[in-house]
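Colleague: My file is final-v2.cif. It has mmCIF, C-alpha atoms:
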data_target
#
loop_
_atom_site.group_PDB
_atom_site.id
_atom_site.type_symbol
_atom_site.label_atom_id
_atom_site.label_comp_id
_atom_site.auth_asym_id
_atom_site.auth_seq_id
_atom_site.Cartn_x
_atom_site.Cartn_y
_atom_site.Cartn_z
ATOM 1 C CA MET C 1 51.736 -48.974 8.361
ATOM 2 C CA SER C 2 54.386 -46.331 7.986
ATOM 3 C CA THR C 3 54.099 -42.822 9.337
ATOM 4 C CA ARG C 4 54.211 -41.458 5.806
ATOM 5 C CA THR C 5 51.332 -43.672 4.627
ATOM 6 C CA THR C 6 49.271 -42.737 7.690
ATOM 7 C CA ALA C 7 49.831 -39.033 7.058
ATOM 8 C CA VAL C 8 48.802 -39.385 3.408
ATOM 9 C CA LEU C 9 45.630 -41.282 4.376
ATOM 10 C CA ILE C 10 44.697 -38.668 7.002
ATOM 11 C CA ALA C 11 45.256 -35.835 4.527
ATOM 12 C CA ALA C 12 43.168 -37.606 1.864
ATOM 13 C CA ALA C 13 40.342 -38.249 4.335
ATOM 14 C CA ALA C 14 40.353 -34.614 5.459
ATOM 15 C CA LEU C 15 40.260 -33.436 1.844
ATOM 16 C CA ALA C 16 37.366 -35.781 1.046
ATOM 17 C CA LEU C 17 35.378 -34.603 4.066
ATOM 18 C CA THR C 18 35.970 -30.964 3.178
ATOM 19 C CA ALA C 19 34.841 -31.528 -0.417
ATOM 20 C CA CYS C 20 31.692 -33.322 0.723
ATOM 21 C CA SER C 21 30.693 -30.615 3.170
ATOM 22 C CA SER C 22 31.161 -27.550 0.958
ATOM 23 C CA PRO C 23 27.889 -26.043 -0.335
ATOM 24 C CA GLY C 24 27.654 -26.167 -4.152
ATOM 25 C CA SER C 25 30.643 -25.658 -6.370
ATOM 26 C CA SER C 26 33.502 -23.379 -5.426
ATOM 27 C CA ASP C 27 32.231 -20.879 -8.042
ATOM 28 C CA GLU C 28 28.872 -20.387 -6.275
ATOM 29 C CA PRO C 29 28.736 -17.589 -3.705
ATOM 30 C CA VAL C 30 26.987 -18.446 -0.474
ATOM 31 C CA ALA C 31 24.594 -15.753 0.737
ATOM 32 C CA PRO C 32 24.980 -14.817 4.377
ATOM 33 C CA LYS C 33 22.213 -16.006 6.657
ATOM 34 C CA HIS C 34 20.009 -13.285 8.069
ATOM 35 C CA SER C 35 17.219 -12.953 10.564
ATOM 36 C CA PRO C 36 15.139 -10.058 11.824
ATOM 37 C CA THR C 37 17.283 -9.744 14.943
ATOM 38 C CA LYS C 38 20.680 -10.060 13.286
ATOM 39 C CA ILE C 39 20.858 -8.399 9.920
ATOM 40 C CA TRP C 40 24.030 -8.728 7.881
ATOM 41 C CA VAL C 41 24.964 -5.746 5.776
ATOM 42 C CA ALA C 42 28.157 -5.077 3.927
ATOM 43 C CA PRO C 43 30.599 -2.822 5.756
ATOM 44 C CA GLY C 44 29.944 0.839 5.041
ATOM 45 C CA THR C 45 26.264 0.360 4.148
ATOM 46 C CA LEU C 46 23.303 1.543 6.167
ATOM 47 C CA ASN C 47 20.374 -0.560 7.295
ATOM 48 C CA ALA C 48 16.796 0.765 7.210
ATOM 49 C CA ARG C 49 16.836 1.873 10.862
ATOM 50 C CA GLN C 50 20.042 3.860 10.306
ATOM 51 C CA VAL C 51 18.595 5.410 7.145
ATOM 52 C CA ALA C 52 15.514 6.521 9.114
ATOM 53 C CA ALA C 53 17.691 8.238 11.723
ATOM 54 C CA LYS C 54 19.871 9.904 9.089
ATOM 55 C CA LEU C 55 16.869 11.094 7.073
ATOM 56 C CA ALA C 56 15.373 12.680 10.190
ATOM 57 C CA ASP C 57 18.667 14.424 10.876
ATOM 58 C CA GLU C 58 18.970 15.584 7.251
ATOM 59 C CA ILE C 59 15.520 17.218 7.235
ATOM 60 C CA GLY C 60 16.016 18.747 10.674
ATOM 61 C CA VAL C 61 13.658 16.705 12.867
ATOM 62 C CA THR C 62 14.347 14.474 15.844
ATOM 63 C CA THR C 63 12.434 11.516 14.409
ATOM 64 C CA LEU C 64 10.287 10.703 11.400
ATOM 65 C CA GLY C 65 7.553 9.781 13.877
ATOM 66 C CA ASN C 66 7.189 6.571 15.838
ATOM 67 C CA PRO C 67 9.727 4.349 14.025
ATOM 68 C CA THR C 68 8.641 0.712 14.221
ATOM 69 C CA ASP C 69 10.379 -2.425 12.949
ATOM 70 C CA ASP C 70 7.750 -4.059 10.719
ATOM 71 C CA THR C 71 10.125 -6.443 8.946
ATOM 72 C CA ALA C 72 7.703 -9.358 9.428
ATOM 73 C CA SER C 73 5.285 -7.686 6.988
ATOM 74 C CA CYS C 74 7.790 -7.830 4.089
ATOM 75 C CA SER C 75 9.792 -10.916 5.034
ATOM 76 C CA ASP C 76 8.347 -14.413 5.162
ATOM 77 C CA LYS C 77 11.370 -15.496 7.208
ATOM 78 C CA ALA C 78 10.816 -12.744 9.784
ATOM 79 C CA ALA C 79 7.149 -13.770 9.959
ATOM 80 C CA GLY C 80 8.204 -17.333 10.834
ATOM 81 C CA LYS C 81 7.362 -18.755 7.398
ATOM 82 C CA LYS C 82 9.514 -20.372 4.724
ATOM 83 C CA PRO C 83 11.995 -17.692 3.520
ATOM 84 C CA SER C 84 11.422 -16.183 0.097
ATOM 85 C CA PRO C 85 14.096 -14.791 -2.216
ATOM 86 C CA ASP C 86 11.986 -11.612 -2.339
ATOM 87 C CA ASP C 87 12.135 -11.044 1.432
ATOM 88 C CA CYS C 88 13.226 -7.626 2.591
ATOM 89 C CA LEU C 89 16.108 -7.371 5.044
ATOM 90 C CA GLN C 90 14.437 -4.736 7.194
ATOM 91 C CA LEU C 91 11.374 -2.489 7.164
ATOM 92 C CA ILE C 92 11.122 0.545 9.388
ATOM 93 C CA THR C 93 7.687 2.161 9.303
ATOM 94 C CA THR C 94 7.316 5.730 10.567
ATOM 95 C CA ASP C 95 4.463 8.225 10.555
ATOM 96 C CA THR C 96 6.177 9.989 7.630
ATOM 97 C CA VAL C 97 7.578 7.215 5.408
ATOM 98 C CA SER C 98 8.292 3.493 5.278
ATOM 99 C CA ILE C 99 11.929 2.550 4.664
ATOM 100 C CA TYR C 100 12.552 -0.846 3.089
ATOM 101 C CA GLU C 101 16.003 -2.421 2.861
ATOM 102 C CA PHE C 102 16.758 -5.261 0.425
ATOM 103 C CA TRP C 103 19.707 -7.507 -0.410
ATOM 104 C CA GLY C 104 20.263 -5.783 -3.732
ATOM 105 C CA ALA C 105 19.075 -3.025 -6.027
ATOM 106 C CA GLY C 106 17.223 -5.483 -8.277
ATOM 107 C CA ASP C 107 15.055 -6.714 -5.400
ATOM 108 C CA ALA C 108 14.416 -3.137 -4.290
ATOM 109 C CA GLU C 109 13.445 -2.086 -7.807
ATOM 110 C CA ARG C 110 10.938 -4.957 -8.164
ATOM 111 C CA TRP C 111 9.309 -4.027 -4.831
ATOM 112 C CA ALA C 112 9.190 -0.323 -5.746
ATOM 113 C CA ILE C 113 7.483 -1.123 -9.067
ATOM 114 C CA GLU C 114 4.850 -3.200 -7.269
ATOM 115 C CA MET C 115 4.313 -0.538 -4.581
ATOM 116 C CA ARG C 116 3.780 2.157 -7.230
ATOM 117 C CA LYS C 117 0.726 0.244 -8.457
ATOM 118 C CA THR C 118 -1.140 1.245 -5.298
ATOM 119 C CA GLY C 119 0.827 4.194 -3.922
ATOM 120 C CA ASP C 120 4.031 6.172 -4.100
ATOM 121 C CA ALA C 121 7.527 4.679 -3.830
ATOM 122 C CA MET C 122 11.052 5.843 -4.641
ATOM 123 C CA GLN C 123 14.074 3.550 -4.865
ATOM 124 C CA LEU C 124 17.800 4.202 -4.539
ATOM 125 C CA GLY C 125 20.088 1.179 -4.567
ATOM 126 C CA ARG C 126 18.953 -1.304 -1.913
ATOM 127 C CA ILE C 127 16.614 1.213 -0.210
ATOM 128 C CA VAL C 128 12.971 1.975 -1.036
ATOM 129 C CA LEU C 129 11.022 4.881 0.431
ATOM 130 C CA ALA C 130 7.264 4.257 0.325
ATOM 131 C CA TRP C 131 4.145 6.045 1.502
ATOM 132 C CA ASN C 132 1.771 3.112 1.932
ATOM 133 C CA ALA C 133 1.108 2.757 5.676
ATOM 134 C CA ARG C 134 -0.482 4.625 8.579
ATOM 135 C CA GLN C 135 -1.329 8.192 7.528
ATOM 136 C CA GLN C 136 1.603 8.422 5.097
ATOM 137 C CA ASN C 137 -0.728 9.158 2.185
ATOM 138 C CA LEU C 138 -1.251 12.578 3.803
ATOM 139 C CA ILE C 139 2.445 13.482 3.399
ATOM 140 C CA ASP C 140 2.566 16.083 0.629
ATOM 141 C CA HIS C 141 4.648 15.750 -2.509
ATOM 142 C CA SER C 142 7.159 18.443 -1.506
ATOM 143 C CA ARG C 143 7.949 16.607 1.762
ATOM 144 C CA ARG C 144 8.380 13.347 -0.163
ATOM 145 C CA LEU C 145 10.825 15.043 -2.519
ATOM 146 C CA GLU C 146 12.666 16.491 0.477
ATOM 147 C CA LEU C 147 13.064 12.954 1.870
ATOM 148 C CA TRP C 148 14.214 11.686 -1.548
ATOM 149 C CA GLU C 149 16.852 14.425 -1.780
ATOM 150 C CA ALA C 150 17.940 13.644 1.787
ATOM 151 C CA LEU C 151 18.263 9.948 0.879
ATOM 152 C CA ASN C 152 20.519 10.897 -2.012
ATOM 153 C CA ARG C 153 22.744 12.812 0.405
ATOM 154 C CA VAL C 154 22.738 9.979 2.979
ATOM 155 C CA ILE C 155 23.568 7.367 0.330
ATOM 156 C CA PRO C 156 25.646 9.378 -2.136
ATOM 157 C CA SER C 157 26.604 6.456 -4.349
ATOM 158 C CA VAL C 158 24.254 3.643 -5.236
ATOM 159 C CA GLU C 159 25.284 0.522 -3.337
#
Let me see the structure of the file written as structure tokens.
Modeller:
Amino acid sequence: MSTRTTAVLIAAAALALTACSSPGSSDEPVAPKHSPTKIWVAPGTLNARQVAAKLADEIGVTTLGNPTDDTASCSDKAAGKKPSPDDCLQLITTDTVSIYEFWGAGDAERWAIEMRKTGDAMQLGRIVLAWNARQQNLIDHSRRLELWEALNRVIPSVE
């Protein structure tokens, strides 16, 4: 077999293997994999933990009170179950507010609508502020609005 024929066969085999191993069609975007310990976010965006820290800074306190990563309560994957398309990326629960982070604004909006059925929730882009855990129901309306205004300063344009 000639060198040229061998090169053509190798190139064809490589092309065939590449085509067989690619997920879906070339038009389908592939979502990044995520887990509770390694959360992918687009460059320039904030995750829920960072939002909690920035909100505290914006309202002039050191912390919003005992920030805890409770992602497993809003993510089947983080809880060790079969992942759901409705999973949150991250949930930080504090004594003042719960901060949910989602893949997109649509997911966040659906969660906020559901949360409003039993409590108070405000959504901006991929982030939802909710008062549905611990003693958060005791946080008065003016403080909630202060946190909402702070969120709008922290995330000036909807992601």
Colleague: Which of these residues is nearest to Leu145 in chain C, using all atoms listed in the file: C:Asp70, C:Asp120, C:Ala133, C:Gly80?
Modeller: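 Residue with the minimum atom-to-atom distance to Leu145 in chain C: C:Asp120.
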Colleague: Taking the file as shown, find all residues satisfying the PyMOL selection byres ((chain C and resi 49) around 10) and write them as a PyMOL selection string.
Modeller: chain C and resi 46-48+50-55+67-69+90-93+99-101
Colleague: Write out as a list in words which residues come within 6 Å of range 123-132 of chain C when counting only C-alpha atoms, dropping same-chain ones fewer than 2 positions away.
Modeller: Val97, Ser98, Ile99, Tyr100, Glu101, Phe102, Gly104, Ala105, Ala108, Asp120, Ala121, Gln136, Asn137, Val158 and Glu159 of chain C
Colleague: Would you write out, as JSON, numbers by chain, every residue that the PyMOL selection byres ((chain C and resi 143) around 12) captures in this file?
Modeller: {"C": [55, 56, 59, 64, 96, 97, 131, 136, 137, 138, 139, 140, 141, 142, 144, 145, 146, 147, 148, 149, 150]}
Colleague: Could you tell me how far CA of Arg134 in chain C lies from CA of Thr94 in chain C, in Å and to one decimal?
Modeller: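 CA of Thr94 in chain C lies 8.1 Å from CA of Arg134 in chain C.
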Colleague: One decimal, Å: what's the distance from CA of Glu114 in chain C over to CA of Asp57 in chain C, could you say?
Modeller: 28.8 Å
Colleague: Please compute the CA of Asn152 in chain C-CA of Gly106 in chain C distance, one decimal, in Å.
Modeller: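 Going from CA of Asn152 in chain C over to CA of Gly106 in chain C covers 17.8 Å.
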